[in-house]
Amino acid sequence: MNPGIRSSISVTAVVVLIHLALWVPFPELAVQSVRQWVSGIGQVLAIVPSVLILIGLFDAWVPKEVVERGFGPRSGLRGVLLALLLGTGSAGPLYAAFPIGISLLEKGARTANVVIFLGAWATIKIPMLMMESAFLGTRFAMLRLAMTLPGIIACGFAMEFMDPRPATEPCLVRA
Amino acid sequence: MFPIVLLAVALGGVAISGFRDRARTRAALSYAATSGLNLLPPLLALAAGVGLSMSVIPPSAIARLFDAHGTVGFFLLAGLGALLTIPAPIAYPLAGSLHHMGASLPALASFITTLTMVGVLTSPLEIKAFGRRFTIIRQSLSLILALLIGALMGVVL
């Protein structure tokens, strides 16, 4: 049996056991937690398969040289801007960005740009900025954006300095 | 809405790709299937962790718990943000209600930043993708960035 399926079954079994144990003293809590779990899985299944298919197509059709030119060691400022654009232009939770980051690294993107991409994906989203302004004020949202943007870029280059060639796990991509 | 658009784009891409090159499309789809199966176990565990933590500590209880002011509130919020990964549509209303309950804006700035960029709960997934070293360095740098942003917010606001 595929190891992914096997460990999925064990994870599910463990989660169910934990909730059964929880259900005895706190039935309401267990029910609510299971409901959250199922809706969380639903959110994942709504986004991740499409993302993976798109990455698969990207992997099959986009040549290495194109990624290297756009995001590679000599991409310079344009590479940083592209990484920011790619991160903010997409939606979905951060873990959906991890496979994209791996695929970029494998095709020759520089580490700084991949980290910048992950950071932008995590905190700078246009719809999320609108929400942030609504709940905490436009001034707050704009100030936080003005500080996060250079911060993410600095993190990217610091990261590249400390870990120039992160060991991507090819088994995630090609088992 | 977004997932439907995404799925439509993905399926459209598969159709075009399949029309132009069958073998390549098959390779792309098997790539998607294998990485999906590898991602599934940590995703299942992650969803369970998020669900459990959100049930044990409902957002309203967090709001009541962290109406603290000053440095203690600042570090409590940043730490909580680093531990949890709450979906953004829930995180902003939560930050808003924390603000109404008296949490300071600088503390909330670092709270939101750690909430979205640092996640102890999501780190197994990140380690699986990029390795332990990458994950630890990236999350530490993001935590420092979040605290810096909070401190700077305190100066500017």
# chains A, B, ... in the order shown; residues from 1 in each chain; ligands from 1
>>> closest_atom_pairs(of="chain B", to="chain A", cutoff="7 Å", atoms="only C-alpha atoms", output="JSON lines")
{"residue": "B:Pro3", "atom": "CA", "partner": "A:Ile47", "partner_atom": "CA", "distance": 5.5}
{"residue": "B:Leu6", "atom": "CA", "partner": "A:Ser50", "partner_atom": "CA", "distance": 6.3}
{"residue": "B:Leu7", "atom": "CA", "partner": "A:Ser50", "partner_atom": "CA", "distance": 5.2}
{"residue": "B:Ala10", "atom": "CA", "partner": "A:Leu54", "partner_atom": "CA", "distance": 5.6}
{"residue": "B:Arg24", "atom": "CA", "partner": "A:Ala60", "partner_atom": "CA", "distance": 6.1}
{"residue": "B:Ala28", "atom": "CA", "partner": "A:Gly56", "partner_atom": "CA", "distance": 4.2}
{"residue": "B:Leu29", "atom": "CA", "partner": "A:Gly56", "partner_atom": "CA", "distance": 6.2}
{"residue": "B:Tyr31", "atom": "CA", "partner": "A:Gly56", "partner_atom": "CA", "distance": 5.6}
{"residue": "B:Ala32", "atom": "CA", "partner": "A:Leu52", "partner_atom": "CA", "distance": 4.9}
{"residue": "B:Thr34", "atom": "CA", "partner": "A:Ala175", "partner_atom": "CA", "distance": 6.3}
{"residue": "B:Ser35", "atom": "CA", "partner": "A:Val173", "partner_atom": "CA", "distance": 5.0}
{"residue": "B:Gly36", "atom": "CA", "partner": "A:Pro49", "partner_atom": "CA", "distance": 6.9}
{"residue": "B:Leu37", "atom": "CA", "partner": "A:Gly4", "partner_atom": "CA", "distance": 4.9}
{"residue": "B:Asn38", "atom": "CA", "partner": "A:Gly4", "partner_atom": "CA", "distance": 4.9}
{"residue": "B:Leu40", "atom": "CA", "partner": "A:Ser8", "partner_atom": "CA", "distance": 6.3}
{"residue": "B:Pro41", "atom": "CA", "partner": "A:Ser8", "partner_atom": "CA", "distance": 4.3}
{"residue": "B:Leu44", "atom": "CA", "partner": "A:Ile41", "partner_atom": "CA", "distance": 6.7}
{"residue": "B:Ala45", "atom": "CA", "partner": "A:Val11", "partner_atom": "CA", "distance": 6.4}
{"residue": "B:Ala47", "atom": "CA", "partner": "A:Gly40", "partner_atom": "CA", "distance": 5.3}
{"residue": "B:Ala48", "atom": "CA", "partner": "A:Trp37", "partner_atom": "CA", "distance": 4.9}
{"residue": "B:Gly51", "atom": "CA", "partner": "A:Gln36", "partner_atom": "CA", "distance": 4.6}
{"residue": "B:Leu52", "atom": "CA", "partner": "A:Ser33", "partner_atom": "CA", "distance": 4.9}
{"residue": "B:Ser55", "atom": "CA", "partner": "A:Ser33", "partner_atom": "CA", "distance": 5.4}
{"residue": "B:Tyr92", "atom": "CA", "partner": "A:Glu132", "partner_atom": "CA", "distance": 5.9}
{"residue": "B:Pro93", "atom": "CA", "partner": "A:Phe135", "partner_atom": "CA", "distance": 6.3}
{"residue": "B:Gly96", "atom": "CA", "partner": "A:Phe135", "partner_atom": "CA", "distance": 5.0}
{"residue": "B:Ala109", "atom": "CA", "partner": "A:Arg144", "partner_atom": "CA", "distance": 6.8}
{"residue": "B:Thr113", "atom": "CA", "partner": "A:Thr123", "partner_atom": "CA", "distance": 6.8}
{"residue": "B:Thr116", "atom": "CA", "partner": "A:Ala122", "partner_atom": "CA", "distance": 5.5}
{"residue": "B:Met117", "atom": "CA", "partner": "A:Ala122", "partner_atom": "CA", "distance": 5.5}
{"residue": "B:Glu126", "atom": "CA", "partner": "A:Phe98", "partner_atom": "CA", "distance": 6.9}
{"residue": "B:Lys128", "atom": "CA", "partner": "A:Glu169", "partner_atom": "CA", "distance": 6.6}
{"residue": "B:Ala129", "atom": "CA", "partner": "A:Glu169", "partner_atom": "CA", "distance": 5.5}
{"residue": "B:Phe130", "atom": "CA", "partner": "A:Thr168", "partner_atom": "CA", "distance": 4.6}
{"residue": "B:Gly131", "atom": "CA", "partner": "A:Ala167", "partner_atom": "CA", "distance": 6.0}
{"residue": "B:Phe134", "atom": "CA", "partner": "A:Pro166", "partner_atom": "CA", "distance": 6.1}
{"residue": "B:Ile137", "atom": "CA", "partner": "A:Met159", "partner_atom": "CA", "distance": 6.9}
{"residue": "B:Arg138", "atom": "CA", "partner": "A:Met159", "partner_atom": "CA", "distance": 6.7}
{"residue": "B:Leu141", "atom": "CA", "partner": "A:Cys155", "partner_atom": "CA", "distance": 6.2}
{"residue": "B:Leu145", "atom": "CA", "partner": "A:Gly151", "partner_atom": "CA", "distance": 6.3}
{"residue": "B:Ile149", "atom": "CA", "partner": "A:Met147", "partner_atom": "CA", "distance": 6.3}
>>> write_last_selection(atoms="C-alpha atoms", output="PDB file, in the first residue's frame")
ATOM      1  CA  PRO B   3     -11.662  27.339  -4.913  1.00  0.00           C
ATOM      2  CA  LEU B   6      -8.893  27.636  -9.029  1.00  0.00           C
ATOM      3  CA  LEU B   7     -10.334  24.240  -9.913  1.00  0.00           C
ATOM      4  CA  ALA B  10      -6.528  23.677 -13.108  1.00  0.00           C
ATOM      5  CA  ARG B  24       3.524  15.122 -20.430  1.00  0.00           C
ATOM      6  CA  ALA B  28       1.985  16.195 -14.473  1.00  0.00           C
ATOM      7  CA  LEU B  29      -1.037  14.396 -13.022  1.00  0.00           C
ATOM      8  CA  TYR B  31       3.225  14.265  -9.914  1.00  0.00           C
ATOM      9  CA  ALA B  32       0.113  15.904  -8.440  1.00  0.00           C
ATOM     10  CA  THR B  34       2.061  11.461  -5.471  1.00  0.00           C
ATOM     11  CA  SER B  35       2.713  14.808  -3.802  1.00  0.00           C
ATOM     12  CA  GLY B  36      -0.926  14.923  -2.730  1.00  0.00           C
ATOM     13  CA  LEU B  37      -0.668  11.513  -1.069  1.00  0.00           C
ATOM     14  CA  ASN B  38       2.561  12.572   0.654  1.00  0.00           C
ATOM     15  CA  LEU B  40      -2.204  14.132   3.138  1.00  0.00           C
ATOM     16  CA  PRO B  41      -1.015  12.725   6.525  1.00  0.00           C
ATOM     17  CA  LEU B  44      -4.902  15.619   8.374  1.00  0.00           C
ATOM     18  CA  ALA B  45      -2.896  16.030  11.577  1.00  0.00           C
ATOM     19  CA  ALA B  47      -6.453  20.150  10.609  1.00  0.00           C
ATOM     20  CA  ALA B  48      -7.025  18.082  13.758  1.00  0.00           C
ATOM     21  CA  GLY B  51      -9.678  22.136  15.242  1.00  0.00           C
ATOM     22  CA  LEU B  52      -8.796  20.915  18.712  1.00  0.00           C
ATOM     23  CA  SER B  55     -12.372  24.182  20.386  1.00  0.00           C
ATOM     24  CA  TYR B  92      -8.713  39.606  11.900  1.00  0.00           C
ATOM     25  CA  PRO B  93     -12.085  39.624  13.686  1.00  0.00           C
ATOM     26  CA  GLY B  96     -10.459  43.398  16.267  1.00  0.00           C
ATOM     27  CA  ALA B 109       0.616  43.994  14.993  1.00  0.00           C
ATOM     28  CA  THR B 113       2.410  38.818  11.952  1.00  0.00           C
ATOM     29  CA  THR B 116       0.332  34.306   9.741  1.00  0.00           C
ATOM     30  CA  MET B 117       4.100  33.798   9.295  1.00  0.00           C
ATOM     31  CA  GLU B 126       7.379  22.880   6.500  1.00  0.00           C
ATOM     32  CA  LYS B 128       8.874  17.871   5.428  1.00  0.00           C
ATOM     33  CA  ALA B 129       9.079  20.334   2.552  1.00  0.00           C
ATOM     34  CA  PHE B 130      12.291  22.291   3.175  1.00  0.00           C
ATOM     35  CA  GLY B 131      14.119  20.529   5.987  1.00  0.00           C
ATOM     36  CA  PHE B 134      15.338  26.006   6.771  1.00  0.00           C
ATOM     37  CA  ILE B 137      15.767  29.730  10.579  1.00  0.00           C
ATOM     38  CA  ARG B 138      12.753  31.012   8.647  1.00  0.00           C
ATOM     39  CA  LEU B 141      13.596  35.286  11.516  1.00  0.00           C
ATOM     40  CA  LEU B 145      10.494  40.463  12.368  1.00  0.00           C
ATOM     41  CA  ILE B 149       7.178  45.360  13.729  1.00  0.00           C
TER      42      ILE B 149
END
>>> residues_around(residues="Leu83 of chain B", least_positions_apart="2", cutoff="7 Å", atoms="only C-alpha atoms", output="list of chain:residue names")
B:Gly79, B:Leu80, B:Gly81, B:Thr85, B:Gly119, B:Val120, B:Leu121
>>> write_last_selection(atoms="C-alpha atoms", output="short mmCIF file (atom, residue, chain, number, x, y, z; two decimals), in the first residue's frame")
data_model
loop_
_atom_site.label_atom_id
_atom_site.label_comp_id
_atom_site.auth_asym_id
_atom_site.auth_seq_id
_atom_site.Cartn_x
_atom_site.Cartn_y
_atom_site.Cartn_z
CA GLY B 79 3.79 33.87 21.63
CA LEU B 80 0.21 32.78 21.13
CA GLY B 81 0.36 33.96 17.53
CA THR B 85 -2.17 29.21 12.99
CA GLY B 119 3.28 28.37 13.05
CA VAL B 120 4.50 25.71 15.43
CA LEU B 121 1.49 23.67 14.33
#
>>> select_by_dssp(residues="segment 62-129 of chain B", states="alpha helix (DSSP H)", output="NGL selection string")
:B and (62-65 or 70-83 or 88-100 or 105-117 or 123-129)
>>> write_last_selection(atoms="N, CA and C atoms", output="compact mmCIF listing (two decimals), in the first residue's frame")
# COMPACT_ATOMS: atom_id res chain seq x y z
N ILE B 62 -9.95 33.60 24.14
CA ILE B 62 -8.64 34.24 23.96
C ILE B 62 -8.78 35.73 24.17
N ALA B 63 -9.85 36.30 23.63
CA ALA B 63 -10.06 37.73 23.77
C ALA B 63 -10.15 38.11 25.24
N ARG B 64 -10.86 37.29 26.02
CA ARG B 64 -11.01 37.61 27.43
C ARG B 64 -9.69 37.45 28.17
N LEU B 65 -8.92 36.43 27.72
CA LEU B 65 -7.68 36.10 28.41
C LEU B 65 -6.60 37.16 28.18
N GLY B 70 0.53 46.38 28.31
CA GLY B 70 1.95 46.41 28.62
C GLY B 70 2.74 45.28 28.01
N THR B 71 3.96 45.12 28.54
CA THR B 71 4.90 44.17 27.94
C THR B 71 4.42 42.74 28.05
N VAL B 72 3.78 42.41 29.16
CA VAL B 72 3.34 41.02 29.34
C VAL B 72 2.34 40.65 28.25
N GLY B 73 1.37 41.54 28.04
CA GLY B 73 0.37 41.31 27.00
C GLY B 73 1.03 41.20 25.63
N PHE B 74 2.01 42.05 25.40
CA PHE B 74 2.74 42.07 24.13
C PHE B 74 3.35 40.71 23.84
N PHE B 75 4.12 40.17 24.82
CA PHE B 75 4.80 38.90 24.56
C PHE B 75 3.83 37.72 24.59
N LEU B 76 2.79 37.80 25.43
CA LEU B 76 1.78 36.74 25.43
C LEU B 76 1.11 36.63 24.07
N LEU B 77 0.74 37.78 23.51
CA LEU B 77 0.06 37.76 22.21
C LEU B 77 0.99 37.26 21.11
N ALA B 78 2.25 37.74 21.12
CA ALA B 78 3.19 37.31 20.09
C ALA B 78 3.42 35.80 20.19
N GLY B 79 3.56 35.30 21.42
CA GLY B 79 3.79 33.87 21.63
C GLY B 79 2.61 33.04 21.18
N LEU B 80 1.42 33.50 21.54
CA LEU B 80 0.21 32.78 21.13
C LEU B 80 0.09 32.74 19.61
N GLY B 81 0.41 33.89 18.99
CA GLY B 81 0.36 33.96 17.53
C GLY B 81 1.35 33.00 16.89
N ALA B 82 2.52 32.85 17.54
CA ALA B 82 3.55 31.97 16.98
C ALA B 82 3.12 30.51 17.07
N LEU B 83 2.39 30.18 18.14
CA LEU B 83 1.99 28.79 18.36
C LEU B 83 0.85 28.41 17.42
N ALA B 88 -6.90 33.35 8.39
CA ALA B 88 -6.97 34.81 8.40
C ALA B 88 -8.38 35.37 8.56
N PRO B 89 -9.40 34.77 7.92
CA PRO B 89 -10.75 35.32 8.10
C PRO B 89 -11.23 35.28 9.55
N ILE B 90 -10.62 34.41 10.38
CA ILE B 90 -10.96 34.39 11.80
C ILE B 90 -9.99 35.27 12.58
N ALA B 91 -8.73 35.33 12.10
CA ALA B 91 -7.70 36.06 12.84
C ALA B 91 -8.00 37.55 12.95
N TYR B 92 -8.49 38.16 11.86
CA TYR B 92 -8.71 39.61 11.90
C TYR B 92 -9.87 40.00 12.80
N PRO B 93 -11.03 39.31 12.71
CA PRO B 93 -12.08 39.62 13.69
C PRO B 93 -11.61 39.42 15.13
N LEU B 94 -10.82 38.36 15.35
CA LEU B 94 -10.28 38.11 16.69
C LEU B 94 -9.41 39.28 17.14
N ALA B 95 -8.50 39.73 16.26
CA ALA B 95 -7.65 40.86 16.59
C ALA B 95 -8.50 42.10 16.86
N GLY B 96 -9.58 42.26 16.07
CA GLY B 96 -10.46 43.40 16.27
C GLY B 96 -11.11 43.37 17.64
N SER B 97 -11.59 42.20 18.06
CA SER B 97 -12.26 42.14 19.36
C SER B 97 -11.23 42.28 20.49
N LEU B 98 -10.02 41.78 20.27
CA LEU B 98 -8.96 41.98 21.26
C LEU B 98 -8.68 43.47 21.43
N HIS B 99 -8.71 44.19 20.31
CA HIS B 99 -8.47 45.63 20.34
C HIS B 99 -9.54 46.33 21.17
N HIS B 100 -10.81 45.90 20.95
CA HIS B 100 -11.91 46.50 21.71
C HIS B 100 -11.79 46.20 23.19
N LEU B 105 -2.45 48.21 20.04
CA LEU B 105 -2.24 47.99 18.61
C LEU B 105 -0.85 47.42 18.30
N PRO B 106 0.23 47.90 18.94
CA PRO B 106 1.54 47.29 18.66
C PRO B 106 1.55 45.79 18.96
N ALA B 107 0.93 45.40 20.09
CA ALA B 107 0.87 43.97 20.42
C ALA B 107 0.10 43.21 19.35
N LEU B 108 -0.97 43.82 18.86
CA LEU B 108 -1.77 43.16 17.83
C LEU B 108 -1.02 43.05 16.52
N ALA B 109 -0.18 44.05 16.23
CA ALA B 109 0.62 43.99 14.99
C ALA B 109 1.54 42.79 15.02
N SER B 110 2.21 42.55 16.16
CA SER B 110 3.10 41.39 16.19
C SER B 110 2.28 40.10 16.28
N PHE B 111 1.10 40.18 16.91
CA PHE B 111 0.22 39.02 16.99
C PHE B 111 -0.18 38.55 15.59
N ILE B 112 -0.63 39.48 14.77
CA ILE B 112 -1.07 39.12 13.41
C ILE B 112 0.10 38.59 12.60
N THR B 113 1.26 39.24 12.75
CA THR B 113 2.41 38.82 11.95
C THR B 113 2.88 37.42 12.34
N THR B 114 2.94 37.13 13.65
CA THR B 114 3.34 35.77 14.03
C THR B 114 2.25 34.78 13.66
N LEU B 115 1.00 35.21 13.80
CA LEU B 115 -0.12 34.32 13.50
C LEU B 115 -0.05 33.81 12.06
N THR B 116 0.33 34.70 11.15
CA THR B 116 0.33 34.31 9.74
C THR B 116 1.67 33.73 9.27
N MET B 117 2.80 34.22 9.83
CA MET B 117 4.10 33.80 9.30
C MET B 117 4.76 32.66 10.07
N SER B 123 4.72 23.61 11.42
CA SER B 123 6.14 23.35 11.15
C SER B 123 6.46 21.93 10.70
N PRO B 124 5.75 20.88 11.18
CA PRO B 124 6.06 19.55 10.65
C PRO B 124 5.95 19.50 9.12
N LEU B 125 4.95 20.20 8.61
CA LEU B 125 4.74 20.25 7.17
C LEU B 125 5.87 20.99 6.47
N GLU B 126 6.30 22.09 7.09
CA GLU B 126 7.38 22.88 6.50
C GLU B 126 8.70 22.12 6.55
N ILE B 127 8.92 21.38 7.65
CA ILE B 127 10.14 20.57 7.76
C ILE B 127 10.14 19.50 6.69
N LYS B 128 8.98 18.89 6.47
CA LYS B 128 8.87 17.87 5.43
C LYS B 128 9.22 18.46 4.06
N ALA B 129 8.85 19.71 3.86
CA ALA B 129 9.08 20.33 2.55
C ALA B 129 10.50 20.85 2.39
>>> atom_distance(atom1="atom CA of Gly154 of chain B", atom2="atom CA of Ser142 of chain B")
18.3 Å
>>> atom_distance(atom1="atom CA of Thr88 of chain A", atom2="atom CA of Phe117 of chain A")
8.2 Å
>>> closest_residue(among="A:Val80, A:Ala13, A:Met1, A:Ala109", to="Val67 of chain A", atoms="only C-alpha atoms")
A:Ala109
>>> atom_distance(atom1="atom CA of Thr25 of chain B", atom2="atom CA of Asn113 of chain A")
27.9 Å
